[in-house]
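S.K.: Below is the structure I would like to discuss, written out as structure tokens.
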Amino acid sequence: MNIVTRPLSDDDLDRVCEIERASFSMPWKREDFAALIRDNNSVYLVIEADGIIAGQAGYTDTLGDAYINNVAIEESYRGNGLGRILMEALIADGLSKGILNYTLEVRVSNTPAIMLYESLGFECAGVRKRFYEQPVEDAYVYWLRK
Ligand SMILES: CC(C)(COP(=O)(O)OP(=O)(O)OC[C@H]1O[C@@H](n2cnc3c(N)ncnc32)[C@H](O)[C@@H]1OP(=O)(O)O)[C@@H](O)C(=O)NCCC(=O)NCCS
């Protein structure tokens, strides 16, 4: 597979929304992604496999810390290392801008994502009770400090 990561553009929104809807019970809307493209404090990347968008992830620079959100790989592409490549690309982008701290939330039951984040060096810093809806579930808060 030829793997490329690059910034999200308007032409990608149909595909990104499709992956988003299939991955999350409360998906972001098209206008949410469109706004991110225009937000100077946000970086949103897609990952392409042989020219097809296979996933997406982004961060917002919040007072110097990167708040990572909506990490998703389309189901048929999972387990091939794409999630790791995408996260590494996101963190490399942040480091190039001098961002040293990265944080995210994850459902406590989401073992694949937890394993991915821990393998990248993220450490669990606490729990947000009943953070998620549909279904209601606690979130682990993770931080990576470079
Ligand atoms: C979490 C997600 C992005 C991982 O993407 P992926 O491309 O499948 O992950 P990778 O193939 O890069 O795997 C990287 C690491 O994650 C962990 N991992 C991935 N899938 C796993 C699974 N099913 N079980 C356990 N660990 C898993 C492993 O540590 C793996 O490293 P290894 O291959 O050296 O063992 C993907 O499963 C996904 O999109 N899930 C649905 C959306 C979601 O839950 N996003 C996270 C919200 S916080």
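Ordering of the structure tokens sets the chain letters (A, B, ...); residue numbers start at 1 within each chain; ligands are numbered from 1 in the order shown.
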Could you pull out the residues sitting within 7 Å of ligand 1, using only C-alpha atoms and all ligand atoms, and write them as a ChimeraX atom specification?

M.R.: /A:23-24,70-75,77-85,105-107,110-113,115-116,119

S.K.: Show which residues sit within 12 Å of Ser109 in chain A, as a ChimeraX atom specification. Count only C-alpha atoms, and ignore same-chain residues fewer than 5 positions away.

M.R.: /A:114-115,132,135-140

S.K.: Mind checking which residues fall within 8 Å of Lys29 in chain A, counting only C-alpha atoms, ignoring those fewer than 3 positions away in the same chain, and posting them as a ChimeraX atom specification?

M.R.: /A:17,32-33

S.K.: Hey, can you spit out that residue selection with N, CA and C atoms as a compact mmCIF listing (two decimals), in the first residue's frame?

M.R.:
```txt
# COMPACT_ATOMS: atom_id res chain seq x y z
N CYS A 17 -16.81 12.29 6.33
CA CYS A 17 -18.07 12.16 7.07
C CYS A 17 -18.56 10.72 7.06
N ASP A 32 -18.78 20.84 10.91
CA ASP A 32 -17.75 20.82 11.94
C ASP A 32 -16.37 20.65 11.30
N PHE A 33 -16.27 19.71 10.35
CA PHE A 33 -14.99 19.50 9.67
C PHE A 33 -14.64 20.69 8.79
```

S.K.: List every residue of chain A that DSSP, applied to the backbone, labels as alpha helix (DSSP H), and write the result as an NGL selection string.

M.R.: :A and (13-23 or 30-37 or 82-96 or 111-119)

S.K.: What parts of chain A does DSSP call strand (DSSP E or B)? I'd like the answer as a PyMOL selection string.

M.R.: chain A and resi 3-7+42-49+52-62+65-73+101-107+123-132+137-145

S.K.: Write the residues you've just listed into a file as an mmCIF file, in the first residue's frame, and include C-alpha atoms for each of them.

M.R.:
```
data_model
loop_
_atom_site.group_PDB
_atom_site.id
_atom_site.type_symbol
_atom_site.label_atom_id
_atom_site.label_comp_id
_atom_site.auth_asym_id
_atom_site.auth_seq_id
_atom_site.Cartn_x
_atom_site.Cartn_y
_atom_site.Cartn_z
ATOM 1 C CA ILE A 3 0.493 5.518 2.368
ATOM 2 C CA VAL A 4 0.298 9.316 2.445
ATOM 3 C CA THR A 5 -0.857 11.742 5.151
ATOM 4 C CA ARG A 6 -1.957 15.244 4.173
ATOM 5 C CA PRO A 7 -4.201 18.071 5.413
ATOM 6 C CA SER A 42 -6.491 23.396 14.247
ATOM 7 C CA VAL A 43 -4.692 20.817 12.134
ATOM 8 C CA TYR A 44 -6.711 18.040 10.595
ATOM 9 C CA LEU A 45 -5.055 15.249 8.607
ATOM 10 C CA VAL A 46 -6.334 12.445 6.403
ATOM 11 C CA ILE A 47 -4.437 9.268 5.624
ATOM 12 C CA GLU A 48 -4.639 7.832 2.118
ATOM 13 C CA ALA A 49 -3.952 4.232 1.152
ATOM 14 C CA ILE A 52 -8.220 6.386 -1.083
ATOM 15 C CA ILE A 53 -8.873 8.164 2.218
ATOM 16 C CA ALA A 54 -8.700 5.500 4.929
ATOM 17 C CA GLY A 55 -8.942 7.670 8.037
ATOM 18 C CA GLN A 56 -8.577 11.003 9.735
ATOM 19 C CA ALA A 57 -7.493 12.727 12.921
ATOM 20 C CA GLY A 58 -6.832 16.241 14.108
ATOM 21 C CA TYR A 59 -5.813 18.477 16.941
ATOM 22 C CA THR A 60 -6.634 21.946 18.144
ATOM 23 C CA ASP A 61 -3.870 24.038 19.700
ATOM 24 C CA THR A 62 -5.396 25.053 23.022
ATOM 25 C CA ASP A 65 -1.391 22.073 24.278
ATOM 26 C CA ALA A 66 -2.704 19.905 21.434
ATOM 27 C CA TYR A 67 -6.203 18.571 22.072
ATOM 28 C CA ILE A 68 -6.515 15.544 19.776
ATOM 29 C CA ASN A 69 -9.932 14.526 18.524
ATOM 30 C CA ASN A 70 -11.784 12.225 16.162
ATOM 31 C CA VAL A 71 -9.113 9.651 15.436
ATOM 32 C CA ALA A 72 -10.719 7.143 13.058
ATOM 33 C CA ILE A 73 -9.615 4.546 10.530
ATOM 34 C CA ASN A 101 1.888 18.368 25.291
ATOM 35 C CA TYR A 102 -0.834 16.238 23.679
ATOM 36 C CA THR A 103 -4.080 15.183 25.286
ATOM 37 C CA LEU A 104 -7.196 13.214 24.366
ATOM 38 C CA GLU A 105 -10.147 11.360 25.846
ATOM 39 C CA VAL A 106 -11.085 7.778 25.082
ATOM 40 C CA ARG A 107 -13.959 5.510 26.145
ATOM 41 C CA GLU A 123 -0.169 8.002 29.881
ATOM 42 C CA CYS A 124 -3.538 7.878 31.614
ATOM 43 C CA ALA A 125 -3.969 10.905 33.889
ATOM 44 C CA GLY A 126 -7.496 10.328 35.168
ATOM 45 C CA VAL A 127 -11.135 9.571 34.478
ATOM 46 C CA ARG A 128 -13.982 11.850 33.435
ATOM 47 C CA LYS A 129 -17.140 10.269 34.810
ATOM 48 C CA ARG A 130 -20.008 9.794 32.319
ATOM 49 C CA PHE A 131 -18.158 11.881 29.730
ATOM 50 C CA TYR A 132 -19.726 10.111 26.757
ATOM 51 C CA GLU A 137 -19.561 5.817 29.551
ATOM 52 C CA ASP A 138 -16.570 7.171 31.462
ATOM 53 C CA ALA A 139 -13.560 8.572 29.614
ATOM 54 C CA TYR A 140 -9.908 8.086 30.358
ATOM 55 C CA VAL A 141 -7.884 11.270 29.935
ATOM 56 C CA TYR A 142 -4.501 10.669 28.337
ATOM 57 C CA TRP A 143 -1.460 12.930 28.039
ATOM 58 C CA LEU A 144 1.729 12.650 26.036
ATOM 59 C CA ARG A 145 4.497 15.024 27.154
#
```
